[in-house]
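Asks: Have a peek at input_32.tsv (TSV, C-alpha atoms).
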chain	number	residue	atom	x	y	z
A	1	MET	CA	56.86	1.52	-4.46
A	2	VAL	CA	54.86	-0.81	-2.24
A	3	ILE	CA	51.07	-0.40	-2.33
A	4	SER	CA	49.30	-1.18	0.92
A	5	ASP	CA	46.32	-3.52	1.08
A	6	ASN	CA	44.02	-0.66	2.05
A	7	THR	CA	45.11	1.31	-1.02
A	8	ARG	CA	44.42	-1.71	-3.26
A	9	GLY	CA	40.99	-2.05	-1.67
A	10	LEU	CA	40.30	1.67	-2.10
A	11	ILE	CA	41.22	1.60	-5.81
A	12	LEU	CA	39.11	-1.52	-6.41
A	13	ALA	CA	36.11	-0.05	-4.54
A	14	ILE	CA	36.21	3.19	-6.56
A	15	SER	CA	36.58	1.25	-9.81
A	16	SER	CA	33.64	-0.92	-8.77
A	17	SER	CA	31.42	2.14	-8.26
A	18	LEU	CA	32.37	3.51	-11.69
A	19	PHE	CA	31.45	0.27	-13.44
A	20	ILE	CA	28.23	-0.31	-11.48
A	21	GLY	CA	27.03	3.29	-11.80
A	22	THR	CA	27.57	3.16	-15.57
A	23	SER	CA	25.88	-0.24	-15.85
A	24	PHE	CA	22.55	1.19	-14.60
A	25	ILE	CA	22.48	3.64	-17.51
A	26	LEU	CA	23.56	1.15	-20.17
A	27	LYS	CA	21.02	-1.42	-19.02
A	28	LYS	CA	18.28	1.22	-18.88
A	29	LYS	CA	18.93	2.34	-22.46
A	30	GLY	CA	19.02	-1.31	-23.54
A	31	LEU	CA	15.68	-1.94	-21.82
A	32	LYS	CA	14.16	1.06	-23.60
A	33	ARG	CA	15.29	-0.17	-26.98
A	34	ALA	CA	14.07	-3.69	-26.23
A	35	ALA	CA	10.68	-2.38	-25.08
A	36	ALA	CA	10.14	-0.81	-28.49
A	37	ALA	CA	10.73	-4.14	-30.21
A	38	GLY	CA	8.87	-6.47	-27.86
A	39	THR	CA	7.27	-6.89	-24.44
A	40	ARG	CA	8.66	-4.69	-21.69
A	41	ALA	CA	10.67	-6.36	-18.90
A	42	GLY	CA	8.39	-4.70	-16.35
A	43	VAL	CA	5.45	-6.82	-17.57
A	44	GLY	CA	7.34	-10.08	-18.01
A	45	GLY	CA	9.15	-9.60	-21.32
A	46	TYR	CA	12.69	-10.82	-22.03
A	47	ALA	CA	13.40	-9.05	-25.33
A	48	TYR	CA	16.23	-7.21	-23.60
A	49	LEU	CA	18.29	-10.43	-23.73
A	50	LEU	CA	18.73	-9.76	-27.46
A	51	GLU	CA	19.85	-6.15	-26.94
A	52	PRO	CA	23.68	-5.65	-27.11
A	53	LEU	CA	23.51	-2.45	-25.05
A	54	TRP	CA	21.86	-4.32	-22.19
A	55	TRP	CA	24.59	-6.96	-22.28
A	56	THR	CA	27.23	-4.20	-22.22
A	57	GLY	CA	25.62	-2.91	-19.04
A	58	MET	CA	25.42	-6.45	-17.69
A	59	ILE	CA	29.15	-7.00	-18.28
A	60	SER	CA	29.91	-3.63	-16.69
A	61	MET	CA	27.91	-4.61	-13.60
A	62	ILE	CA	29.65	-8.00	-13.36
A	63	VAL	CA	33.08	-6.35	-13.60
A	64	GLY	CA	32.05	-3.88	-10.91
A	65	GLU	CA	30.74	-6.60	-8.59
A	66	VAL	CA	33.91	-8.67	-9.04
A	67	ALA	CA	36.04	-5.62	-8.23
A	68	ASN	CA	33.89	-4.96	-5.17
A	69	PHE	CA	34.22	-8.58	-4.05
A	70	VAL	CA	38.02	-8.49	-4.36
A	71	ALA	CA	38.11	-5.13	-2.54
A	72	TYR	CA	36.73	-6.81	0.58
A	73	ILE	CA	39.72	-9.16	0.55
A	74	TYR	CA	42.21	-6.29	0.80
A	75	ALA	CA	40.34	-3.66	2.83
A	76	PRO	CA	37.86	-3.70	5.73
A	77	ALA	CA	34.14	-3.36	5.06
A	78	VAL	CA	34.04	-0.01	6.87
A	79	LEU	CA	36.22	1.39	4.08
A	80	VAL	CA	34.72	-0.42	1.07
A	81	THR	CA	30.97	-0.28	1.75
A	82	PRO	CA	30.55	3.54	2.06
A	83	LEU	CA	32.22	3.99	-1.33
A	84	GLY	CA	29.22	2.27	-2.87
A	85	VAL	CA	27.45	5.64	-2.76
A	86	LEU	CA	29.70	6.75	-5.63
A	87	SER	CA	27.72	4.48	-7.96
A	88	ILE	CA	24.56	6.42	-7.04
A	89	ILE	CA	26.17	9.75	-7.82
A	90	ILE	CA	27.62	8.46	-11.10
A	91	SER	CA	24.32	6.94	-12.27
A	92	ALA	CA	22.38	10.09	-11.30
A	93	ILE	CA	24.76	12.33	-13.27
A	94	LEU	CA	24.74	10.05	-16.32
A	95	ALA	CA	20.95	9.69	-16.15
A	96	HIS	CA	20.62	13.49	-16.19
A	97	PHE	CA	22.65	13.84	-19.38
A	98	LEU	CA	21.92	10.59	-21.23
A	99	LEU	CA	18.40	9.63	-20.14
A	100	LYS	CA	17.03	13.13	-19.44
A	101	GLU	CA	15.72	11.94	-16.08
A	102	ARG	CA	15.24	14.68	-13.51
A	103	LEU	CA	14.77	14.82	-9.76
A	104	GLN	CA	12.73	17.52	-8.06
A	105	SER	CA	14.36	19.55	-5.29
A	106	LEU	CA	12.81	17.37	-2.59
A	107	GLY	CA	14.02	14.31	-4.46
A	108	VAL	CA	17.59	15.66	-4.47
A	109	LEU	CA	17.33	16.24	-0.72
A	110	GLY	CA	16.02	12.69	-0.32
A	111	CYS	CA	18.95	11.34	-2.31
A	112	ILE	CA	21.40	13.23	-0.10
A	113	SER	CA	19.61	11.99	3.01
A	114	CYS	CA	19.86	8.40	1.81
A	115	ILE	CA	23.58	8.75	1.17
A	116	VAL	CA	24.29	10.48	4.49
A	117	GLY	CA	22.18	7.97	6.43
A	118	SER	CA	23.85	5.01	4.74
A	119	VAL	CA	27.30	6.37	5.49
A	120	VAL	CA	26.36	6.89	9.14
A	121	ILE	CA	25.06	3.31	9.38
A	122	VAL	CA	28.19	1.86	7.83
A	123	ILE	CA	30.57	3.97	9.93
A	124	HIS	CA	28.89	2.93	13.17
A	125	ALA	CA	28.18	-0.64	12.12
A	126	PRO	CA	29.99	-3.27	14.19
A	127	GLN	CA	33.28	-4.65	12.94
A	128	GLU	CA	32.89	-7.96	11.14
A	129	ASN	CA	34.63	-11.05	12.49
A	130	MET	CA	35.57	-12.95	9.35
A	131	PRO	CA	35.72	-16.74	9.91
A	132	ALA	CA	39.00	-18.41	9.06
A	133	SER	CA	37.47	-21.52	7.50
A	134	LEU	CA	34.41	-22.75	5.64
A	135	GLU	CA	33.52	-24.98	8.59
A	136	GLU	CA	33.15	-21.91	10.81
A	137	ILE	CA	30.81	-20.24	8.31
A	138	TRP	CA	28.70	-23.40	8.08
A	139	ILE	CA	28.34	-23.49	11.89
A	140	LEU	CA	27.31	-19.82	11.91
A	141	ALA	CA	24.86	-20.35	9.02
A	142	THR	CA	23.09	-23.19	10.85
A	143	GLN	CA	22.71	-21.47	14.22
A	144	PRO	CA	19.06	-21.02	15.33
A	145	ALA	CA	19.09	-17.20	15.17
A	146	PHE	CA	20.26	-17.10	11.55
A	147	LEU	CA	17.93	-19.94	10.52
A	148	ALA	CA	15.04	-17.88	11.95
A	149	TYR	CA	16.25	-14.89	9.89
A	150	VAL	CA	16.39	-17.09	6.77
A	151	ALA	CA	12.84	-18.33	7.36
A	152	ALA	CA	11.48	-14.81	7.94
A	153	THR	CA	13.30	-13.38	4.90
A	154	LEU	CA	12.16	-16.14	2.54
A	155	SER	CA	8.58	-15.67	3.80
A	156	MET	CA	8.74	-11.95	2.97
A	157	VAL	CA	10.23	-12.66	-0.46
A	158	LEU	CA	7.46	-15.16	-1.27
A	159	ALA	CA	4.82	-12.69	-0.06
A	160	LEU	CA	6.28	-9.94	-2.26
A	161	ILE	CA	6.47	-12.21	-5.32
A	162	LEU	CA	3.12	-13.97	-4.99
A	163	HIS	CA	0.91	-11.27	-3.45
A	164	PHE	CA	2.36	-7.77	-3.80
A	165	GLU	CA	4.11	-7.94	-7.18
A	166	PRO	CA	0.97	-8.71	-9.26
A	167	ARG	CA	-0.94	-5.90	-7.52
A	168	TYR	CA	1.61	-3.18	-6.80
A	169	GLY	CA	4.78	-4.05	-8.74
A	170	GLN	CA	4.14	-1.44	-11.46
A	171	THR	CA	3.33	1.37	-9.03
A	172	ASN	CA	5.42	0.78	-5.88
A	173	ILE	CA	9.20	0.69	-6.33
A	174	LEU	CA	9.69	-0.97	-2.94
A	175	VAL	CA	8.21	-4.25	-4.21
A	176	TYR	CA	10.89	-5.03	-6.80
A	177	LEU	CA	13.74	-3.56	-4.79
A	178	GLY	CA	12.54	-5.27	-1.62
A	179	ILE	CA	12.94	-8.64	-3.34
A	180	CYS	CA	16.39	-7.65	-4.62
A	181	SER	CA	17.57	-6.46	-1.21
A	182	LEU	CA	16.25	-9.39	0.80
A	183	MET	CA	17.85	-11.88	-1.56
A	184	GLY	CA	20.97	-9.73	-1.62
A	185	SER	CA	21.61	-10.36	2.06
A	186	PHE	CA	21.89	-14.08	1.25
A	187	THR	CA	24.12	-13.28	-1.72
A	188	ILE	CA	26.71	-11.51	0.44
A	189	VAL	CA	26.85	-14.31	3.00
A	190	SER	CA	27.22	-17.03	0.36
A	191	ILE	CA	29.74	-15.02	-1.68
A	192	LYS	CA	31.90	-14.59	1.42
A	193	ALA	CA	31.82	-18.34	1.98
A	194	VAL	CA	32.77	-19.00	-1.65
A	195	GLY	CA	35.56	-16.42	-1.36
A	196	ILE	CA	37.01	-18.21	1.65
A	197	ALA	CA	36.79	-21.54	-0.21
A	198	ILE	CA	38.65	-20.08	-3.19
A	199	LYS	CA	41.29	-18.51	-0.95
A	200	LEU	CA	41.90	-21.78	0.92
A	201	THR	CA	42.04	-23.73	-2.34
A	202	LEU	CA	44.66	-21.35	-3.77
A	203	GLU	CA	46.66	-21.80	-0.58
A	204	GLY	CA	46.76	-25.55	-1.17
A	205	ILE	CA	43.82	-26.61	1.01
A	206	SER	CA	41.29	-27.81	-1.57
A	207	GLN	CA	37.62	-27.15	-0.74
A	208	VAL	CA	36.22	-28.68	-3.93
A	209	ALA	CA	35.13	-31.93	-2.28
A	210	TYR	CA	33.55	-30.14	0.69
A	211	PRO	CA	29.69	-30.12	0.28
A	212	PRO	CA	29.10	-26.65	1.85
A	213	THR	CA	31.28	-25.15	-0.90
A	214	TRP	CA	28.78	-26.20	-3.57
A	215	PHE	CA	25.83	-25.35	-1.34
A	216	PHE	CA	26.98	-21.76	-0.86
A	217	LEU	CA	27.87	-21.50	-4.56
A	218	SER	CA	24.36	-22.68	-5.54
A	219	VAL	CA	22.75	-20.20	-3.14
A	220	ALA	CA	24.88	-17.39	-4.57
A	221	VAL	CA	23.90	-18.22	-8.17
A	222	ILE	CA	20.17	-18.47	-7.37
A	223	CYS	CA	20.19	-15.21	-5.38
A	224	VAL	CA	22.15	-13.30	-8.04
A	225	ILE	CA	19.80	-14.43	-10.82
A	226	THR	CA	16.76	-13.44	-8.73
A	227	GLN	CA	18.28	-10.04	-7.95
A	228	LEU	CA	19.08	-9.33	-11.60
A	229	ASN	CA	15.60	-10.33	-12.75
A	230	TYR	CA	13.79	-7.98	-10.37
A	231	LEU	CA	16.37	-5.22	-10.72
A	232	ASN	CA	15.68	-5.26	-14.48
A	233	LYS	CA	11.96	-4.89	-13.77
A	234	ALA	CA	12.65	-1.96	-11.42
A	235	LEU	CA	14.89	-0.22	-13.96
A	236	ASP	CA	12.35	-0.73	-16.73
A	237	THR	CA	9.48	0.65	-14.67
A	238	PHE	CA	10.95	3.45	-12.57
A	239	ASN	CA	13.36	6.37	-12.87
A	240	THR	CA	17.01	5.27	-12.74
A	241	ALA	CA	18.01	8.19	-10.50
A	242	ILE	CA	15.58	6.84	-7.89
A	243	VAL	CA	16.19	3.10	-8.34
A	244	SER	CA	19.93	3.49	-7.65
A	245	PRO	CA	19.84	5.18	-4.21
A	246	ILE	CA	16.85	3.22	-2.88
A	247	TYR	CA	18.41	-0.08	-3.98
A	248	TYR	CA	21.71	0.90	-2.35
A	249	VAL	CA	20.02	1.90	0.90
A	250	MET	CA	17.88	-1.23	1.17
A	251	PHE	CA	20.64	-3.58	0.09
A	252	THR	CA	23.15	-2.06	2.55
A	253	THR	CA	20.60	-2.18	5.37
A	254	MET	CA	19.68	-5.83	4.82
A	255	THR	CA	23.34	-6.79	4.47
A	256	ILE	CA	24.22	-5.17	7.81
A	257	ILE	CA	21.25	-6.87	9.53
A	258	ALA	CA	22.12	-10.31	8.10
A	259	SER	CA	25.78	-9.88	9.02
A	260	ALA	CA	24.92	-8.77	12.56
A	261	ILE	CA	22.68	-11.80	13.13
A	262	MET	CA	25.01	-14.36	11.59
A	263	PHE	CA	28.33	-13.11	12.93
A	264	LYS	CA	26.98	-11.60	16.22
A	265	ASP	CA	28.84	-8.39	15.46
A	266	TRP	CA	26.70	-6.22	17.74
A	267	ALA	CA	28.10	-7.88	20.87
A	268	GLY	CA	30.30	-5.40	22.73
A	269	GLN	CA	29.15	-2.32	20.77
A	270	SER	CA	29.07	0.97	22.65
A	271	ALA	CA	25.82	2.81	23.29
A	272	SER	CA	26.94	5.73	21.12
A	273	ASP	CA	27.49	3.46	18.12
A	274	ILE	CA	24.07	1.86	18.55
A	275	VAL	CA	22.32	5.25	18.84
A	276	SER	CA	24.21	6.57	15.82
A	277	ALA	CA	23.20	3.53	13.77
A	278	ILE	CA	19.54	4.05	14.71
A	279	CYS	CA	19.77	7.72	13.68
A	280	GLY	CA	21.27	6.57	10.41
A	281	PHE	CA	18.31	4.25	9.82
A	282	ILE	CA	15.87	7.09	10.52
A	283	THR	CA	17.73	9.35	8.08
A	284	VAL	CA	17.65	6.63	5.44
A	285	LEU	CA	13.93	6.06	5.97
A	286	SER	CA	13.20	9.79	5.62
A	287	GLY	CA	15.27	10.03	2.45
A	288	THR	CA	13.61	6.96	0.96
A	289	VAL	CA	10.14	8.42	1.58
A	290	MET	CA	11.13	11.74	-0.04
A	291	LEU	CA	12.53	9.93	-3.07
A	292	HIS	CA	9.46	7.75	-3.39
A	293	VAL	CA	6.89	10.57	-3.27
A	294	THR	CA	8.79	12.78	-5.72
A	295	ARG	CA	9.76	10.16	-8.31
A	296	GLU	CA	8.85	10.58	-11.96
A	297	GLN	CA	6.61	7.69	-12.97
A	298	GLU	CA	7.39	6.55	-16.48
A	299	PRO	CA	4.27	5.81	-18.55
A	300	VAL	CA	3.25	2.20	-19.01
A	301	PRO	CA	2.05	1.45	-22.56
A	302	LEU	CA	-1.61	0.50	-22.66
A	303	PRO	CA	-2.63	-2.96	-23.92
A	304	GLY	CA	-2.90	-2.94	-27.69
A	305	SER	CA	-0.70	0.12	-28.14
A	306	VAL	CA	2.14	0.18	-30.65
A	307	THR	CA	5.53	1.55	-29.59
A	308	TRP	CA	8.89	1.93	-31.31
A	309	TYR	CA	12.31	3.47	-30.59
A	310	ASP	CA	13.92	5.87	-33.08
A	311	GLY	CA	17.31	6.03	-31.34
A	312	GLU	CA	16.38	9.01	-29.17
A	313	HIS	CA	12.74	8.79	-28.08
A	314	ILE	CA	10.08	6.17	-27.55
A	315	LYS	CA	7.06	6.79	-29.82
A	316	ALA	CA	3.65	5.22	-29.60
A	317	ILE	CA	0.17	5.00	-31.09
A	318	GLU	CA	-2.57	4.82	-28.50
A	319	ASP	CA	-6.30	5.20	-29.08
A	320	GLY	CA	-5.75	6.49	-32.61
A	321	HIS	CA	-3.26	9.16	-31.53
A	322	TYR	CA	0.42	9.54	-32.31
A	323	ILE	CA	2.39	10.18	-29.13
A	324	LEU	CA	6.02	11.18	-28.74
A	325	VAL	CA	7.25	9.99	-25.35
A	326	HIS	CA	10.31	11.71	-23.85
A	327	ASP	CA	11.07	9.66	-20.73
A	328	SER	CA	8.18	10.34	-18.35
A	329	GLU	CA	6.66	13.29	-20.19
A	330	TYR	CA	4.31	13.32	-23.14
A	331	LEU	CA	5.79	16.03	-25.31
A	332	ASP	CA	3.28	16.05	-28.09
A	333	SER	CA	0.16	14.30	-29.29
A	334	TYR	CA	-1.39	14.49	-32.71
A	335	SER	CA	-4.34	12.79	-34.34
A	336	VAL	CA	-3.33	10.16	-36.87
A	337	SER	CA	-5.85	11.60	-39.27
A	338	THR	CA	-4.08	15.00	-39.32
A	339	LYS	CA	-0.40	14.01	-39.08
A	340	ASN	CA	1.72	11.53	-40.99
A	341	LEU	CA	3.71	9.19	-38.76
A	342	ARG	CA	7.48	9.44	-38.98
A	343	GLY	CA	9.89	6.79	-37.54
Could you quickly redo this structure as structure tokens?
Replies:
Amino acid sequence: MVISDNTRGLILAISSSLFIGTSFILKKKGLKRAAAAGTRAGVGGYAYLLEPLWWTGMISMIVGEVANFVAYIYAPAVLVTPLGVLSIIISAILAHFLLKERLQSLGVLGCISCIVGSVVIVIHAPQENMPASLEEIWILATQPAFLAYVAATLSMVLALILHFEPRYGQTNILVYLGICSLMGSFTIVSIKAVGIAIKLTLEGISQVAYPPTWFFLSVAVICVITQLNYLNKALDTFNTAIVSPIYYVMFTTMTIIASAIMFKDWAGQSASDIVSAICGFITVLSGTVMLHVTREQEPVPLPGSVTWYDGEHIKAIEDGHYILVHDSEYLDSYSVSTKNLRG
């Protein structure tokens, strides 16, 4: 039985969503355990690097991203990209059962709106014209329009990191995820270039000595590391069921914009496709707002507080009181003078 390329791409895309959706939950639980033993990632801590559960989630995410990357080789983006919404559904279901994170009714509607809007955008997005060589990608990457996009994007990233993160990073989810998504648009472009270089090398046309190969590889590594760092902060600070859809929406949006500018995909698009894409953006924006206003803010430990993880809950001592923290709700609080602490 011969399996078509589209079928291979479909299987890889679904597998990618399973791994990535699961990775959010594993990394979240790892971050919670690490927070009880050291400084939280959301305030600059790196104790999670010593947590095996976090690394399990990290490996799961890498496997998922590799599967997603290979899926683009076999199937068109219009088939692969919409399937990314499966990771949102998977992480939301797992978060409900394993992390006890809940979404209000309006939040559920916002999640659905984000998914529907993203699918509409992808369906009506212009077809991508994949370059046949690394030289073609380099020419496209150095055209004035894309260089202007690079300058504007890097300016926004620096503004978010230097100005907005210190002030609003712990309260506004769009700060961390904005950095991830903006850098993610560069990641996709550079990964595609590296993919072409690998493909040509395997076909006997070595790209190892070609400078742009190493340039795009370096950009990809820097962007991926930056994305992971700020995604960890977002997961440690905000509800997983909200991080997943917002990150998907913003990342998909920025990827489509970067691709349209670099590859000039919008040329020749019909008016109906353009209008549909705009409606998709409006739907996504509405869903994002609904998710943001209904999210459950997880409590940030106060300076000087003592926290620990007993395998199920995070517990803390703040201002002389014993507090049992169950995700974003304080379930109970007793005075230390009237209750013995139990681990």
Asks: CA of Val119 (chain A) and CA of Ser276 (chain A) are how many Å apart?
Replies: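 Here the two named atoms are 10.8 Å from each other.
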Asks: Give me the box for region 12-21 of chain A as JSON, namely the centre and edge lengths in Å to one decimal of a box along x, y and z that holds every listed atom plus 6 Å on each side.
Replies:
{"center_x": 33.1, "center_y": 1.0, "center_z": -9.0, "size_x": 24.1, "size_y": 17.0, "size_z": 20.9}
Asks: As an exercise, work out the distance from CA of Val275 (chain A) to CA of Val108 (chain A) in Å and give it to one decimal place.
Replies: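 Taking CA of Val275 (chain A) as the start and CA of Val108 (chain A) as the end point, the length is 26.0 Å.
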Asks: Once you count only C-alpha atoms, which residues end up no further than 12 Å from (23.9, -14.6, 1.7) in the file's frame, shown as a PyMOL selection string?
Replies: chain A and resi 137-138+140-141+146-147+149-150+153-154+181-194+215-224+251+254-259+261-262
Asks: Could you please give me, as an MDAnalysis selection string, the residues of protein, DNA or RNA lying at most 12 Å from (37.0, -8.9, -2.0) in the coordinate frame of the file, considering all atoms listed in the file?
Replies: chainID A and resid 5:6 8:13 16 64:77 79:81 188 191:196 198:199
Asks: In Å to one decimal, how far is CA of Phe24 (chain A) from CA of Ala277 (chain A)?
Replies: 28.5 Å
Asks: Need the shell around Met61 (chain A): protein/DNA/RNA residues with any atom at most 7 Å away, counting all atoms listed in the file. Skip same-chain ones fewer than 4 positions apart. Format as a VMD selection string?
Replies: chain A and resid 19 to 20 23 57 65
Asks: Measuring atom to atom with only C-alpha atoms, identify which of A:Ala209, A:Val63, A:Ala267, A:Cys180 is nearest to Ala197 (chain A).
Replies: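 Distance minimum relative to Ala197 (chain A) lands on A:Ala209.
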Asks: So which one's closest to Thr283 (chain A), A:Pro212, A:Ile121, A:Val157, A:Ser133? Using only C-alpha atoms, please.
Replies: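 Nearest to Thr283 (chain A): A:Ile121.
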Asks: Restricting the calculation to all atoms listed in the file: of A:Val289, A:Ala151, A:Ala260, A:Ile123, which residue gets closest to Asn172 (chain A)?
Replies: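 Ranked by minimum distance to Asn172 (chain A), first place goes to A:Val289.
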